[in-house]
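Q: Structure provided below as structure tokens; questions to follow.
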Amino acid sequence: MFSRFTKGRSPKNDTDSSEKPKQASGEELSEAPAATVDETDKSAGDASQRGDHDSPVDTGIDTNNEENTYAVGIDLGTTHCVLAYMPLAGGALQTLPIAQIKDPGIVSEPSQLPSFLYLPHEEEFSDSELRLPWAQQDEVSQRKIISGEFARAHGSKSPMRLVSSAKSWLGHSGVNCKEDFLPLDAPDEVGKISPFAATQQYLSHLAAAWEARFPASPLDQQMLTITVPASFDPLARELTIEAAQSIGLHNAVLLEEPQAALYGWLHKQGENWRQQLQVGNTILVVDVGGGTTDLSLINVTESGAELALERSAVGEHILLGGDNMDLTLAYVIKAKLEKEGKKVENWQLQGLTHGCRHAKESLLLDESLSCVPIVVPSRGSSLMGGSLRTELSREEVLNTLVEGFFPEVDVTAQPVKRRRAALTKKSLPFAQDPGISRHLAAFLSSQQSSPVAAPSFVRPSVLLFNGGVFKSEQLADRMLGNLNNWLSAAPNEGEAGAAELKVLQGADLDHAVASGAAYYSHVRNGNGVKIRGGTARSYYVGIESAMPAVPGFEPPMQAYCIAPYGMEEGSQADLPEEEFGLVVGEQACFRFYSSSLRKEDSVGQLLEDWQEGELEELEDISVNLPAEGKHPGEVVAVHLQAGVSEVGTLKLEAVSPEDGKRWKVEFSVREEALAEA
Amino acid sequence: MNTDINTILSNLDVLHYSLAGFALLLLLLVIILAVKKGSGGGAGGEGSIEPSQLQSEQAPQQKPAQEKPPQFNETSGDSALQLLALLQQEARFIDFLEEDAKTFSDAEVGAAARVVHDGARKVLHENFSIKPIRSEEEGTQLTLESGFNNQEIRLSGNVVGEAPFTGQLIHRGWRVSQVNLPKVNPEHELSLVAPAELEV
């Protein structure tokens, strides 16, 4: 149903190639077979070895022509996607102009692809009007799906056909992301698609835009990194990489967004970064994107005589971002207008949100402004007659945004949480507390396991902002002020508080993630310092404790650790002792848990009980033993072994102790059994 | 259209003067653009493709231009239409000019003018790279040697005698260094600058 990006070169592409920034020499590259997973694994492994030397010498990829090889990074964002690249041989880091429909028949090339899809009615637009520059003339009647700018703009008028926030669905356990259910409220005739398919669509679009520009350097032969939120669970990571692989991008590896932001900063600093960080520093990355807030801690350590970086903790998945802020302002203004007796229609709310975004930016940038007018234009051709005019005042912005999203709170504050009780309808688990300060306080407090000082929380020493929200100094200052307040409190009586945070300057708030991802691709190739990360969580399977059945009570669950915290890419956990009996030919399910707090647990540890909030239950995992050579119904004893693949996804396998045979354990059992033999 | 603007001008305060001036400037740009393109001066920046080029590639049956004496370039008007569509889409430009401003209060016209200003400014900055021709402050004294570029600088006032000419810089001028209009599908009907909209 979805277009794989075409490897064939259309005549148009060929003429374009004469204008390429880098002359495409049209060698055998375009015919080279796509790299297999194994090849990718190998080169990634080599790269990590080279990474230790941290030398600027470019070792290159042996199988490829260096001239046409790039380090590429894709920021697959909730609200927009960006692709950045730099030549592997060295050179400037740039963002790719992404051709997209601006209006039917009109194609623009901004550097961002808004992450929106529009599923048009067949009578709505003619096929030719939706053609992109790389579309083949003879393309068979594929389903037309519009992605990018026009999808967002037109979709706001016909929301029933608009797919948005697909990425948030990927990170949301409790739905089958391969089921076609988006747009949520659409009738069946719209032909819904799945969050997974939407991700494929964005990636195909980016890949096609890339190949139109670099016909001699197909994207599947570049060093490619795709970013995901640090808080993505194993299934969401797996789905992202699977989407990439399904369109031929077998070379993609994953990188966490806050890490990418730091890579973006490192790239900008060049060798200077060593002067700005010291051993013992703890860097807090606060990444507030359009739809999500992502928190990470990265420690500066020493390896040999060199500075090294190590990601030590990541925050929870918080669906709260810049878009919430604009929407909140729009509702404030709507309430004000309605008080004045003016009715605000639904379609006007869209314009109001848009107006509020601009007014907010002006007010937060220029302190001398006390209020900024907002005009919501009419829909009809009478502009002077039908427009709605109002004002947004400095006070409203400060009260709503600064106090609402960045309130001054104690470090002991906790976000207000209602348990996701009985949601009968599919919906995204948006954060219930808009106070980003409280989410941050909770994150820092939760990460301090041993109460060395009261109040107990991790004390970062360096701060890196990311996300367009922080272009506003007032919001950044408030966040910083809050953190400094927490730090200045004496940890113990008679002791001095921690020093003020150092803020890393010069970060590109909009493009740092994509740039950082491209730079990481470069680093993987053996240039520059690599952030050591590994898994940010430990993983457990649930085991029912053996006890006599008590009516009305479920037997208590115990958690059996199968993967410790901090497993590096390409490594495997020890084989746990516990054996599970699996019935051949039947699907076996296990309850599956993770913890970002229990960093000391080792493989084989059995937890009988744990603190509230310490373990988080994920989707069940399942394995289906094929009946080959065995009798159906036979019980086979297996161990569950965990590993982390080279691309950064968690792998679970069932291992037979008898003959060492391995079967893949799947993360999702949801509606259909996805296990494969 | 100009007379329309003049009647508006007589009714408006300073803000509206500047906005209407801005509108005029944009009209001027339409013309500049058309002329530039017509003269084949490579108005398209890197990677940008002029719609007329696209179309001429599709239909290469152009007549040789040698039969006539040196002539003024006819412009196809394609990029003018495209710019008009952009201005309507982002800035409600045609709606604004086609509405009778006399019947509305200054506040209403001012509110509408903000829509035009915000949107037109976005169109201008997204599609053109502009910068002043002269870097000097307006009001400063300037001396031009003989052979100055009289397309870049226009003399006014007591224009007598020989160069060098010394005078006061009244306006710094604007130069478009790059045009980067969106690409147009050859089958797209450019004259439909704003489609009608029907909410079902």
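The chains in the structure tokens are called A, B, ... from first to last as shown; in each chain the residues are counted from 1, and the ligands are counted from 1 in the order shown.
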Could you list, as a list in words, every residue of chain A that has an atom within 6 Å of an atom of chain B, counting only C-alpha atoms?

A: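 Only these qualify: Gly105, Ile106, Val107, Ser108, Ser381, Leu383 and Met384 of chain A.
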
Q: Kindly save the residues from that selection, with C-alpha atoms included, as a PDB file, in the first residue's frame.

A:
```pdb
ATOM      1  CA  GLY A 105       0.105  21.783  -7.988  1.00  0.00           C
ATOM      2  CA  ILE A 106       2.651  23.771  -5.988  1.00  0.00           C
ATOM      3  CA  VAL A 107       5.738  22.213  -4.477  1.00  0.00           C
ATOM      4  CA  SER A 108       7.923  24.011  -1.949  1.00  0.00           C
ATOM      5  CA  SER A 381     -13.643  37.048   1.041  1.00  0.00           C
ATOM      6  CA  LEU A 383     -11.520  40.491   5.353  1.00  0.00           C
ATOM      7  CA  MET A 384     -12.303  43.816   6.981  1.00  0.00           C
TER       8      MET A 384
END
```

Q: If you run DSSP on the backbone, which residues of stretch 41-188 of chain B are strand (DSSP E), as JSON, numbers by chain?

A: {"B": [128, 129, 130, 131, 132, 141, 142, 143, 144, 165, 166, 167, 168, 174, 175, 176, 177, 178, 179, 183, 184]}

Q: What does the structure give for the distance between atom CA of A:Ser168 and atom CA of A:Thr649, in Å to one decimal?

A: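 About the pair atom CA of A:Ser168 and atom CA of A:Thr649: they are 18.1 Å apart.
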
Q: So, with only C-alpha atoms as the atoms that count, which of A:Asp180, A:Asp433, A:Glu109, A:Glu238 lies closest to A:Leu320?

A: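 Closest to A:Leu320, using only C-alpha atoms: A:Asp433.
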
Q: Between atom CA of A:Glu619 and atom CA of A:Gly171, what distance in Å does the model show, to one decimal?

A: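 Atom CA of A:Glu619 sits 11.3 Å away from atom CA of A:Gly171.
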
Q: Just the residues within 7 Å of B:Arg175, please, counting only C-alpha atoms, with nothing from its chain fewer than 4 positions along; format it as a list in words.

A: Ile130, Lys131, Pro132 and Ile133 of chain B

Q: Counting only C-alpha atoms, which of A:Glu616, A:Gly468, A:Pro120, A:Gln572 gets nearest to A:Phe592?

A: A:Glu616

Q: If you run DSSP on the backbone, which residues of stretch 43-271 of chain A are alpha helix (DSSP H), as a VMD selection string?

A: chain A and resid 43 to 51 149 to 155 166 to 170 195 to 213 234 to 246 257 to 269

Q: Env of B:Ser191: 10 Å cut, atoms = only C-alpha atoms, seq-sep filter 4 positions within chain, self excluded. Answer as a ChimeraX atom specification.

A: /B:77-78,80-82,84-85,195

Q: Identify, on the basis of only C-alpha atoms, every residue whose closest approach to A:Gln200 does not exceed 8 Å; exclude the query and any residue fewer than 5 positions from it along the same chain; express the result as a PyMOL selection string.

A: chain A and resi 2+243-244+246-247

Q: Could you please take those selected residues and save C-alpha atoms as a PDB file, in the first residue's frame?

A:
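So the final result, stored in selection.pdb, reads:
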```pdb
ATOM      1  CA  PHE A   2       2.879   2.356   0.613  1.00  0.00           C
ATOM      2  CA  ALA A 243       9.419   0.849   9.603  1.00  0.00           C
ATOM      3  CA  ALA A 244      12.823   1.964   8.352  1.00  0.00           C
ATOM      4  CA  SER A 246      10.495  -2.186   5.607  1.00  0.00           C
ATOM      5  CA  ILE A 247      11.221   0.613   3.137  1.00  0.00           C
TER       6      ILE A 247
END
```

Q: For B:Glu138, work out the shell of residues within 7 Å, counting only C-alpha atoms and skipping chain neighbours fewer than 3 positions away, then give it as a list in words.

A: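 My list of contacting residues is Leu169, Ile170, His171 and Arg172 of chain B.
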
Q: Would you save the residues from that selection as a compact mmCIF listing (two decimals), in the first residue's frame, using all heavy atoms?

A:
```txt
# COMPACT_ATOMS: atom_id res chain seq x y z
N LEU B 169 20.82 61.15 0.54
CA LEU B 169 20.20 59.85 0.23
C LEU B 169 18.78 59.85 0.79
O LEU B 169 18.58 59.95 2.00
CB LEU B 169 21.02 58.72 0.85
CG LEU B 169 20.54 57.30 0.55
CD1 LEU B 169 20.67 56.98 -0.94
CD2 LEU B 169 21.30 56.27 1.36
N ILE B 170 17.81 59.81 -0.11
CA ILE B 170 16.41 59.84 0.32
C ILE B 170 15.91 58.43 0.64
O ILE B 170 15.27 58.19 1.65
CB ILE B 170 15.51 60.45 -0.79
CG1 ILE B 170 15.99 61.85 -1.13
CG2 ILE B 170 14.04 60.46 -0.37
CD1 ILE B 170 15.87 62.84 0.00
N HIS B 171 16.18 57.51 -0.24
CA HIS B 171 15.73 56.12 -0.04
C HIS B 171 16.89 55.19 -0.37
O HIS B 171 17.62 55.44 -1.33
CB HIS B 171 14.54 55.85 -0.97
CG HIS B 171 13.80 54.57 -0.65
ND1 HIS B 171 14.36 53.33 -0.81
CD2 HIS B 171 12.55 54.36 -0.16
CE1 HIS B 171 13.50 52.41 -0.44
NE2 HIS B 171 12.39 53.00 -0.02
N ARG B 172 17.05 54.17 0.42
CA ARG B 172 18.20 53.28 0.23
C ARG B 172 18.04 52.32 -0.93
O ARG B 172 18.99 51.72 -1.40
CB ARG B 172 18.44 52.45 1.50
CG ARG B 172 18.61 53.28 2.74
CD ARG B 172 18.46 52.43 3.96
NE ARG B 172 19.66 51.62 4.19
CZ ARG B 172 19.81 50.79 5.21
NH1 ARG B 172 18.84 50.64 6.08
NH2 ARG B 172 20.92 50.12 5.36
```

Q: Report the distance between atom CA of A:Gly467 and atom CA of A:Leu444 in Å, rounded to one decimal place.

A: 19.9 Å

Q: Show me, as a list in words, the residues that have an atom within 12 Å of A:Glu600 when counting only C-alpha atoms, minus same-chain residues fewer than 4 positions from it.

A: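 My reading of the contact set: Ser449, Ser450, Arg537, Ser538, Tyr539, Cys561, Ala563, Pro564, Tyr565, Gly566, Ser595, Ser596 and Gln605 of chain A.
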